[in-house]
file protein.tsv (TSV, C-alpha atoms)
chain	number	residue	atom	x	y	z
A	21	MET	CA	-7.84	23.48	-17.37
A	22	LYS	CA	-4.67	25.56	-17.73
A	23	THR	CA	-5.80	27.85	-14.91
A	24	LEU	CA	-6.54	24.90	-12.63
A	25	PHE	CA	-3.22	23.27	-13.49
A	26	ARG	CA	-1.29	26.47	-12.74
A	27	TYR	CA	-3.17	26.92	-9.48
A	28	ARG	CA	-2.49	23.35	-8.38
A	29	LEU	CA	1.17	23.51	-9.34
A	30	LEU	CA	1.84	26.78	-7.50
A	31	ASP	CA	-0.08	25.64	-4.43
A	32	ASN	CA	1.83	22.36	-4.31
A	33	LEU	CA	5.15	24.16	-4.76
A	34	LYS	CA	4.50	26.13	-1.60
A	35	ALA	CA	3.97	22.89	0.32
A	36	LEU	CA	7.11	21.41	-1.25
A	37	ALA	CA	9.20	24.41	-0.22
A	38	ILE	CA	8.03	23.97	3.37
A	39	VAL	CA	8.90	20.26	3.37
A	40	ALA	CA	12.35	20.79	1.82
A	41	GLY	CA	13.11	23.66	4.20
A	42	ALA	CA	12.01	21.59	7.19
A	43	LEU	CA	14.21	18.66	6.16
A	44	ALA	CA	17.26	20.89	5.72
A	45	ALA	CA	16.59	22.65	9.03
A	46	ILE	CA	16.18	19.36	10.91
A	47	CYS	CA	19.45	17.99	9.52
A	48	ALA	CA	21.27	21.20	10.45
A	49	PHE	CA	19.71	21.27	13.92
A	50	PHE	CA	20.70	17.72	14.81
A	51	SER	CA	24.16	18.13	13.33
A	52	ILE	CA	24.87	21.31	15.30
A	53	THR	CA	23.14	20.23	18.52
A	54	PHE	CA	24.28	16.63	18.84
A	55	GLY	CA	27.42	16.68	16.74
A	56	GLU	CA	26.65	13.27	15.19
A	57	THR	CA	23.72	12.62	12.91
A	58	GLU	CA	22.77	9.67	10.72
A	59	VAL	CA	19.79	10.11	8.37
A	60	ASN	CA	18.80	7.00	6.42
A	61	GLY	CA	15.98	7.24	3.88
A	62	ALA	CA	14.41	10.29	5.53
A	63	ASN	CA	14.09	12.39	2.39
A	64	SER	CA	12.23	9.84	0.26
A	65	LEU	CA	10.07	8.60	3.15
A	66	THR	CA	9.13	12.14	4.15
A	67	GLY	CA	8.41	12.89	0.51
A	68	ALA	CA	6.19	9.81	0.25
A	69	ILE	CA	4.10	10.91	3.24
A	70	TRP	CA	3.89	14.43	1.80
A	71	ALA	CA	2.73	13.01	-1.55
A	72	LEU	CA	0.04	10.96	0.21
A	73	VAL	CA	-1.24	14.09	1.94
A	74	ILE	CA	-1.18	16.04	-1.33
A	75	GLY	CA	-3.31	13.34	-2.98
A	76	ILE	CA	-5.78	13.30	-0.09
A	77	VAL	CA	-6.16	17.06	0.23
A	78	THR	CA	-6.11	18.39	-3.33
A	79	THR	CA	-8.49	16.12	-5.25
A	80	ARG	CA	-11.73	17.32	-3.68
A	81	ILE	CA	-10.57	20.94	-3.74
A	82	ASP	CA	-9.84	20.90	-7.45
A	83	LEU	CA	-13.04	19.07	-8.40
A	84	ARG	CA	-15.06	21.64	-6.44
A	85	LEU	CA	-13.12	24.51	-7.96
A	86	GLY	CA	-13.54	23.10	-11.45
A	87	ASN	CA	-17.26	22.73	-10.89
A	88	GLN	CA	-17.51	26.38	-9.78
A	89	MET	CA	-15.52	27.52	-12.84
A	90	GLY	CA	-17.73	25.55	-15.22
A	91	THR	CA	-14.88	23.20	-16.14
A	92	SER	CA	-15.73	19.62	-17.01
A	93	ARG	CA	-15.04	17.01	-14.37
A	94	ARG	CA	-12.54	15.24	-16.60
A	95	SER	CA	-10.59	18.47	-17.18
A	96	ALA	CA	-10.57	19.27	-13.44
A	97	PHE	CA	-9.39	15.74	-12.66
A	98	LEU	CA	-6.63	15.91	-15.28
A	99	ALA	CA	-5.51	19.34	-14.07
A	100	ASN	CA	-5.26	18.01	-10.53
A	101	LEU	CA	-3.41	14.89	-11.66
A	102	LEU	CA	-0.96	16.74	-13.90
A	103	GLY	CA	-0.35	19.39	-11.26
A	104	ASN	CA	0.41	16.73	-8.68
A	105	LEU	CA	2.64	14.71	-11.02
A	106	ALA	CA	4.56	17.83	-12.02
A	107	VAL	CA	5.31	18.74	-8.43
A	108	PHE	CA	6.16	15.12	-7.61
A	109	ALA	CA	8.76	15.25	-10.39
A	110	LEU	CA	10.15	18.51	-9.04
A	111	ALA	CA	10.13	17.08	-5.51
A	112	SER	CA	12.04	13.97	-6.56
A	113	VAL	CA	14.72	16.08	-8.27
A	114	GLY	CA	14.83	18.64	-5.46
A	115	LEU	CA	15.13	16.09	-2.65
A	116	THR	CA	17.76	14.16	-4.62
A	117	VAL	CA	19.78	17.36	-5.11
A	118	LEU	CA	19.37	18.10	-1.38
A	119	THR	CA	20.66	14.62	-0.54
A	120	ALA	CA	23.60	15.00	-2.92
A	121	LEU	CA	24.53	18.42	-1.51
A	122	LEU	CA	24.39	17.15	2.07
A	123	GLN	CA	26.57	14.19	1.13
A	124	ILE	CA	29.12	16.39	-0.65
A	125	MET	CA	29.20	18.81	2.28
A	126	SER	CA	29.63	16.05	4.87
A	127	ASP	CA	32.07	14.14	2.61
A	128	GLY	CA	31.51	10.84	4.39
A	129	SER	CA	32.28	12.23	7.82
A	130	GLN	CA	31.27	9.93	10.63
A	131	ARG	CA	29.66	12.91	12.38
A	132	PHE	CA	27.06	13.47	9.68
A	133	VAL	CA	25.79	10.71	7.36
A	134	VAL	CA	22.89	11.07	4.90
A	135	THR	CA	21.66	8.24	2.68
A	136	ASP	CA	18.42	7.49	0.89
A	137	LEU	CA	16.41	4.41	-0.06
A	138	TYR	CA	17.97	4.00	-3.49
A	139	GLN	CA	21.47	4.14	-2.03
A	140	ILE	CA	20.60	1.73	0.77
A	141	LEU	CA	18.95	-0.88	-1.46
A	142	TYR	CA	20.30	-0.54	-4.99
A	143	SER	CA	23.58	1.36	-5.19
A	144	THR	CA	26.35	-0.88	-6.54
A	145	SER	CA	29.25	1.59	-6.42
A	146	GLY	CA	29.57	1.48	-2.66
A	147	ASN	CA	30.53	5.15	-2.65
A	148	TYR	CA	29.03	7.60	-0.18
A	149	VAL	CA	28.92	10.32	-2.87
A	150	MET	CA	27.44	8.51	-5.85
A	151	THR	CA	27.78	9.07	-9.59
A	152	PRO	CA	25.38	11.44	-11.47
A	153	GLY	CA	23.72	8.40	-13.04
A	154	GLU	CA	22.95	6.91	-9.65
A	155	TYR	CA	21.51	10.19	-8.41
A	156	GLY	CA	19.35	10.18	-11.55
A	157	MET	CA	18.05	6.72	-10.66
A	158	MET	CA	17.41	7.92	-7.10
A	159	ALA	CA	15.27	10.75	-8.48
A	160	LEU	CA	13.36	8.36	-10.77
A	161	LEU	CA	12.64	5.92	-7.94
A	162	SER	CA	11.50	8.78	-5.71
A	163	PHE	CA	9.16	10.05	-8.44
A	164	VAL	CA	7.35	6.75	-8.94
A	165	LEU	CA	7.14	6.31	-5.15
A	166	PHE	CA	5.57	9.76	-4.78
A	167	ALA	CA	3.23	9.07	-7.70
A	168	ALA	CA	2.03	5.79	-6.16
A	169	MET	CA	1.50	7.33	-2.72
A	170	GLY	CA	-0.20	10.41	-4.15
A	171	SER	CA	-2.51	8.26	-6.28
A	172	PHE	CA	-3.40	6.18	-3.24
A	173	GLY	CA	-4.29	9.38	-1.39
A	174	MET	CA	-6.52	10.45	-4.29
A	175	LEU	CA	-8.29	7.08	-4.21
A	176	CYS	CA	-8.85	7.26	-0.44
A	177	THR	CA	-10.32	10.76	-0.44
A	178	THR	CA	-12.59	10.01	-3.41
A	179	ALA	CA	-13.83	6.82	-1.78
A	180	PHE	CA	-14.84	8.78	1.33
A	181	TRP	CA	-16.65	11.25	-0.91
A	182	ARG	CA	-18.89	8.52	-2.31
A	183	VAL	CA	-20.30	7.37	1.03
A	184	ASN	CA	-22.52	8.97	3.67
A	185	LYS	CA	-21.45	9.73	7.25
A	186	VAL	CA	-22.13	6.19	8.48
A	187	GLY	CA	-20.34	4.77	5.46
A	188	ALA	CA	-17.39	7.11	6.11
A	189	TRP	CA	-17.06	5.75	9.65
A	190	ILE	CA	-17.26	2.18	8.41
A	191	LEU	CA	-14.77	2.84	5.61
A	192	GLY	CA	-12.38	4.64	7.96
A	193	LEU	CA	-12.47	1.86	10.53
A	194	SER	CA	-12.09	-0.76	7.80
A	195	LEU	CA	-9.06	1.01	6.35
A	196	GLY	CA	-7.51	1.47	9.78
A	197	LEU	CA	-7.99	-2.16	10.77
A	198	GLY	CA	-6.99	-3.38	7.34
A	199	LEU	CA	-3.71	-1.45	7.28
A	200	SER	CA	-2.80	-2.03	10.94
A	201	VAL	CA	-4.01	-5.61	11.42
A	202	GLY	CA	-5.29	-7.21	8.24
A	203	PHE	CA	-2.43	-6.29	5.90
A	204	PRO	CA	0.39	-7.31	8.28
A	205	ASN	CA	-1.42	-10.56	9.08
A	206	LEU	CA	-1.91	-11.27	5.37
A	207	MET	CA	1.76	-10.55	4.68
A	208	TYR	CA	2.75	-12.93	7.51
A	209	ARG	CA	0.57	-15.75	6.16
A	210	LEU	CA	1.82	-15.22	2.63
A	211	SER	CA	5.45	-14.67	3.64
A	212	PRO	CA	6.68	-18.06	2.31
A	213	TYR	CA	5.40	-17.07	-1.14
A	214	LEU	CA	6.59	-13.45	-0.95
A	215	ILE	CA	10.26	-14.04	-0.18
A	216	ARG	CA	11.30	-14.32	-3.82
A	217	PRO	CA	9.20	-11.38	-5.12
A	218	LEU	CA	10.44	-9.19	-2.26
A	219	ARG	CA	14.01	-10.18	-2.97
A	220	ILE	CA	13.53	-9.17	-6.60
A	221	LEU	CA	11.95	-5.84	-5.65
A	222	THR	CA	14.66	-4.98	-3.15
A	223	THR	CA	17.56	-5.92	-5.41
A	224	ASN	CA	16.32	-4.79	-8.85
A	225	VAL	CA	15.46	-1.10	-9.03
A	226	TRP	CA	13.66	-1.46	-12.38
A	227	ALA	CA	11.39	-4.13	-10.93
A	228	MET	CA	10.51	-1.79	-8.06
A	229	ILE	CA	9.87	1.10	-10.46
A	230	LEU	CA	7.55	-1.05	-12.56
A	231	PHE	CA	5.79	-2.35	-9.44
A	232	LEU	CA	5.13	1.19	-8.16
A	233	LEU	CA	4.00	2.39	-11.60
A	234	ILE	CA	1.47	-0.42	-11.87
A	235	TRP	CA	-0.01	0.44	-8.49
A	236	ALA	CA	-0.09	4.14	-9.37
A	237	VAL	CA	-2.10	3.35	-12.52
A	238	VAL	CA	-4.46	1.04	-10.59
A	239	PHE	CA	-5.07	3.71	-7.93
A	240	LEU	CA	-5.67	6.40	-10.57
A	241	LEU	CA	-8.12	4.25	-12.51
A	242	GLY	CA	-9.99	3.51	-9.30
A	243	THR	CA	-10.04	7.20	-8.43
A	244	TRP	CA	-11.50	8.18	-11.78
A	245	LEU	CA	-14.14	5.45	-11.66
A	246	LEU	CA	-15.25	6.80	-8.28
A	247	ALA	CA	-14.91	10.50	-9.15
A	248	ARG	CA	-16.64	10.60	-12.52
A	249	ARG	CA	-20.11	10.06	-11.02
A	250	ALA	CA	-19.53	11.37	-7.51
A	251	VAL	CA	-21.79	14.14	-6.26
A	252	ILE	CA	-19.54	17.16	-5.70
A	253	LYS	CA	-20.33	18.10	-2.12
A	254	PRO	CA	-19.59	21.40	-0.35
A	255	ALA	CA	-16.36	21.65	1.62
A	256	ALA	CA	-18.17	21.19	4.93
A	257	LYS	CA	-19.38	17.73	3.91
call {"tool": "encode", "arguments": {"input": "protein.tsv", "output": "structure tokens"}}
result
Amino acid sequence: MKTLFRYRLLDNLKALAIVAGALAAICAFFSITFGETEVNGANSLTGAIWALVIGIVTTRIDLRLGNQMGTSRRSAFLANLLGNLAVFALASVGLTVLTALLQIMSDGSQRFVVTDLYQILYSTSGNYVMTPGEYGMMALLSFVLFAAMGSFGMLCTTAFWRVNKVGAWILGLSLGLGLSVGFPNLMYRLSPYLIRPLRILTTNVWAMILFLLIWAVVFLLGTWLLARRAVIKPAAK
């Protein structure tokens, strides 16, 4: 398990370095090229997408690798989960530090403005460069967001592993239609009942953190229920 955990952590760190470098390069490029740049929520949203991809890609790889090494399925699953959570924690701190450095460097200049989701929704100081405590809350919110998205990715990839080719097509189409049509339509129909909960989530950071943690746990439980009896298929299948 330790070997698998170390492998997953190092592999994920390489992907994190690429994402962080790309974000810094993009900010520098737009600032130099266009002179004026405003980046709102890009770091956490990019990190969330990255975490989703990590969850989708790594779960099958680590279960196969664990099977080849003679490691139990539970140990392989835990190594994958802990490796992902560890790099999500590092990512949340790293992207928060990157945001803070960019804000300090730009110093509120109108030519270059960088903010993130926590600052947009929950910051009460009103300052462009926030206090250390607020940056800590930004990192915590980013971590639970990454954990929820990564866990959802793990659930999706494991669900596809449990079905045949026809089932994979059906599941893929169902997910696509559900997320693009069904979910928005459901949200629209339920909107009168969701106004208050959404107001709470977008004004109380602890409520949002708890909400994301609950979904992360639900997704992880679903992933394990699917993975514990799944036939570990070759990479080509």
call {"tool": "closest_residue", "arguments": {"input": "protein.tsv", "among": "A:Leu83, A:Leu30, A:Leu240, A:Ala96", "to": "A:Gly170", "atoms": "only C-alpha atoms"}}
result
A:Leu240
call {"tool": "residues_around", "arguments": {"input": "protein.tsv", "residues": "stretch 162-169 of chain A", "least_positions_apart": "2", "cutoff": "10 Å", "atoms": "all atoms listed in the file", "output": "PyMOL selection string"}}
result
chain A and resi 63-76+101+104-113+115-116+136-138+156-160+171-175+228-240
call {"tool": "write_last_selection", "arguments": {"input": "protein.tsv", "atoms": "C-alpha atoms", "output": "compact mmCIF listing (two decimals), in the coordinates of the input"}}
result
# COMPACT_ATOMS: atom_id res chain seq x y z
CA ASN A 63 14.09 12.39 2.39
CA SER A 64 12.23 9.84 0.26
CA LEU A 65 10.07 8.60 3.15
CA THR A 66 9.13 12.14 4.15
CA GLY A 67 8.41 12.89 0.51
CA ALA A 68 6.19 9.81 0.25
CA ILE A 69 4.10 10.91 3.24
CA TRP A 70 3.89 14.43 1.80
CA ALA A 71 2.73 13.01 -1.55
CA LEU A 72 0.04 10.96 0.21
CA VAL A 73 -1.24 14.09 1.94
CA ILE A 74 -1.18 16.04 -1.33
CA GLY A 75 -3.31 13.34 -2.98
CA ILE A 76 -5.78 13.30 -0.09
CA LEU A 101 -3.41 14.89 -11.66
CA ASN A 104 0.41 16.73 -8.68
CA LEU A 105 2.64 14.71 -11.02
CA ALA A 106 4.56 17.83 -12.02
CA VAL A 107 5.31 18.74 -8.43
CA PHE A 108 6.16 15.12 -7.61
CA ALA A 109 8.76 15.25 -10.39
CA LEU A 110 10.15 18.51 -9.04
CA ALA A 111 10.13 17.08 -5.51
CA SER A 112 12.04 13.97 -6.56
CA VAL A 113 14.72 16.08 -8.27
CA LEU A 115 15.13 16.09 -2.65
CA THR A 116 17.76 14.16 -4.62
CA ASP A 136 18.42 7.49 0.89
CA LEU A 137 16.41 4.41 -0.06
CA TYR A 138 17.97 4.00 -3.49
CA GLY A 156 19.35 10.18 -11.55
CA MET A 157 18.05 6.72 -10.66
CA MET A 158 17.41 7.92 -7.10
CA ALA A 159 15.27 10.75 -8.48
CA LEU A 160 13.36 8.36 -10.77
CA SER A 171 -2.51 8.26 -6.28
CA PHE A 172 -3.40 6.18 -3.24
CA GLY A 173 -4.29 9.38 -1.39
CA MET A 174 -6.52 10.45 -4.29
CA LEU A 175 -8.29 7.08 -4.21
CA MET A 228 10.51 -1.79 -8.06
CA ILE A 229 9.87 1.10 -10.46
CA LEU A 230 7.55 -1.05 -12.56
CA PHE A 231 5.79 -2.35 -9.44
CA LEU A 232 5.13 1.19 -8.16
CA LEU A 233 4.00 2.39 -11.60
CA ILE A 234 1.47 -0.42 -11.87
CA TRP A 235 -0.01 0.44 -8.49
CA ALA A 236 -0.09 4.14 -9.37
CA VAL A 237 -2.10 3.35 -12.52
CA VAL A 238 -4.46 1.04 -10.59
CA PHE A 239 -5.07 3.71 -7.93
CA LEU A 240 -5.67 6.40 -10.57
call {"tool": "atom_distance", "arguments": {"input": "protein.tsv", "atom1": "atom CA of A:Leu246", "atom2": "atom CA of A:Arg182"}}
result
7.2 Å
call {"tool": "atom_distance", "arguments": {"input": "protein.tsv", "atom1": "atom CA of A:Leu214", "atom2": "atom CA of A:Leu195"}}
result
22.5 Å
call {"tool": "atom_distance", "arguments": {"input": "protein.tsv", "atom1": "atom CA of A:Gly187", "atom2": "atom CA of A:Arg94"}}
result
25.6 Å
call {"tool": "axis_aligned_box", "arguments": {"input": "protein.tsv", "around": "stretch 182-201 of chain A", "padding_each_side": "8 Å", "output": "JSON"}}
result
{"center_x": -12.7, "center_y": 2.1, "center_z": 4.6, "size_x": 35.7, "size_y": 31.3, "size_z": 29.7}
call {"tool": "build_atoms", "arguments": {"input": "protein.tsv", "residues": "stretch 171-194 of chain A", "atoms": "N, CA, C and O atoms", "output": "CSV table (one decimal), keeping the file's coordinate frame"}}
result
chain,number,residue,atom,x,y,z
A,171,SER,N,-1.3,8.9,-5.7
A,171,SER,CA,-2.5,8.3,-6.3
A,171,SER,C,-3.3,7.5,-5.3
A,171,SER,O,-4.6,7.5,-5.3
A,172,PHE,N,-2.7,6.9,-4.3
A,172,PHE,CA,-3.4,6.2,-3.2
A,172,PHE,C,-4.2,7.2,-2.4
A,172,PHE,O,-5.3,6.9,-2.0
A,173,GLY,N,-3.6,8.3,-2.1
A,173,GLY,CA,-4.3,9.4,-1.4
A,173,GLY,C,-5.5,9.9,-2.2
A,173,GLY,O,-6.6,10.1,-1.6
A,174,MET,N,-5.4,10.0,-3.5
A,174,MET,CA,-6.5,10.4,-4.3
A,174,MET,C,-7.7,9.4,-4.2
A,174,MET,O,-8.8,9.8,-4.1
A,175,LEU,N,-7.3,8.1,-4.3
A,175,LEU,CA,-8.3,7.1,-4.2
A,175,LEU,C,-9.0,7.1,-2.9
A,175,LEU,O,-10.2,7.0,-2.8
A,176,CYS,N,-8.3,7.3,-1.8
A,176,CYS,CA,-8.8,7.3,-0.4
A,176,CYS,C,-9.8,8.4,-0.3
A,176,CYS,O,-11.0,8.2,0.2
A,177,THR,N,-9.4,9.6,-0.7
A,177,THR,CA,-10.3,10.8,-0.4
A,177,THR,C,-11.6,10.7,-1.3
A,177,THR,O,-12.6,11.1,-0.9
A,178,THR,N,-11.4,10.1,-2.5
A,178,THR,CA,-12.6,10.0,-3.4
A,178,THR,C,-13.5,8.9,-2.9
A,178,THR,O,-14.8,9.1,-3.0
A,179,ALA,N,-13.0,7.9,-2.3
A,179,ALA,CA,-13.8,6.8,-1.8
A,179,ALA,C,-14.7,7.4,-0.6
A,179,ALA,O,-15.9,7.0,-0.5
A,180,PHE,N,-14.1,8.2,0.2
A,180,PHE,CA,-14.8,8.8,1.3
A,180,PHE,C,-15.9,9.7,0.8
A,180,PHE,O,-16.9,9.9,1.5
A,181,TRP,N,-15.7,10.3,-0.3
A,181,TRP,CA,-16.6,11.2,-0.9
A,181,TRP,C,-17.9,10.5,-1.4
A,181,TRP,O,-19.0,11.1,-1.5
A,182,ARG,N,-17.8,9.3,-1.7
A,182,ARG,CA,-18.9,8.5,-2.3
A,182,ARG,C,-19.8,7.9,-1.3
A,182,ARG,O,-20.8,7.3,-1.6
A,183,VAL,N,-19.5,8.0,0.0
A,183,VAL,CA,-20.3,7.4,1.0
A,183,VAL,C,-20.9,8.4,2.0
A,183,VAL,O,-20.4,9.6,2.0
A,184,ASN,N,-21.9,8.0,2.7
A,184,ASN,CA,-22.5,9.0,3.7
A,184,ASN,C,-21.7,8.9,5.0
A,184,ASN,O,-20.7,8.3,5.0
A,185,LYS,N,-22.2,9.6,6.0
A,185,LYS,CA,-21.4,9.7,7.2
A,185,LYS,C,-21.2,8.4,7.9
A,185,LYS,O,-20.1,8.1,8.4
A,186,VAL,N,-22.3,7.5,7.9
A,186,VAL,CA,-22.1,6.2,8.5
A,186,VAL,C,-21.1,5.4,7.7
A,186,VAL,O,-20.3,4.7,8.2
A,187,GLY,N,-21.3,5.5,6.3
A,187,GLY,CA,-20.3,4.8,5.5
A,187,GLY,C,-18.9,5.2,5.6
A,187,GLY,O,-18.0,4.5,5.5
A,188,ALA,N,-18.7,6.6,5.9
A,188,ALA,CA,-17.4,7.1,6.1
A,188,ALA,C,-16.8,6.5,7.4
A,188,ALA,O,-15.6,6.2,7.4
A,189,TRP,N,-17.6,6.4,8.4
A,189,TRP,CA,-17.1,5.8,9.6
A,189,TRP,C,-16.7,4.3,9.4
A,189,TRP,O,-15.6,3.8,9.8
A,190,ILE,N,-17.5,3.6,8.7
A,190,ILE,CA,-17.3,2.2,8.4
A,190,ILE,C,-16.0,2.0,7.5
A,190,ILE,O,-15.1,1.2,7.8
A,191,LEU,N,-15.9,2.9,6.5
A,191,LEU,CA,-14.8,2.8,5.6
A,191,LEU,C,-13.5,3.2,6.3
A,191,LEU,O,-12.4,2.6,6.2
A,192,GLY,N,-13.6,4.2,7.2
A,192,GLY,CA,-12.4,4.6,8.0
A,192,GLY,C,-11.9,3.6,8.9
A,192,GLY,O,-10.7,3.3,9.0
A,193,LEU,N,-12.8,2.9,9.6
A,193,LEU,CA,-12.5,1.9,10.5
A,193,LEU,C,-11.9,0.7,9.8
A,193,LEU,O,-10.9,0.0,10.2
A,194,SER,N,-12.5,0.4,8.6
A,194,SER,CA,-12.1,-0.8,7.8
A,194,SER,C,-10.7,-0.5,7.3
A,194,SER,O,-9.8,-1.4,7.3
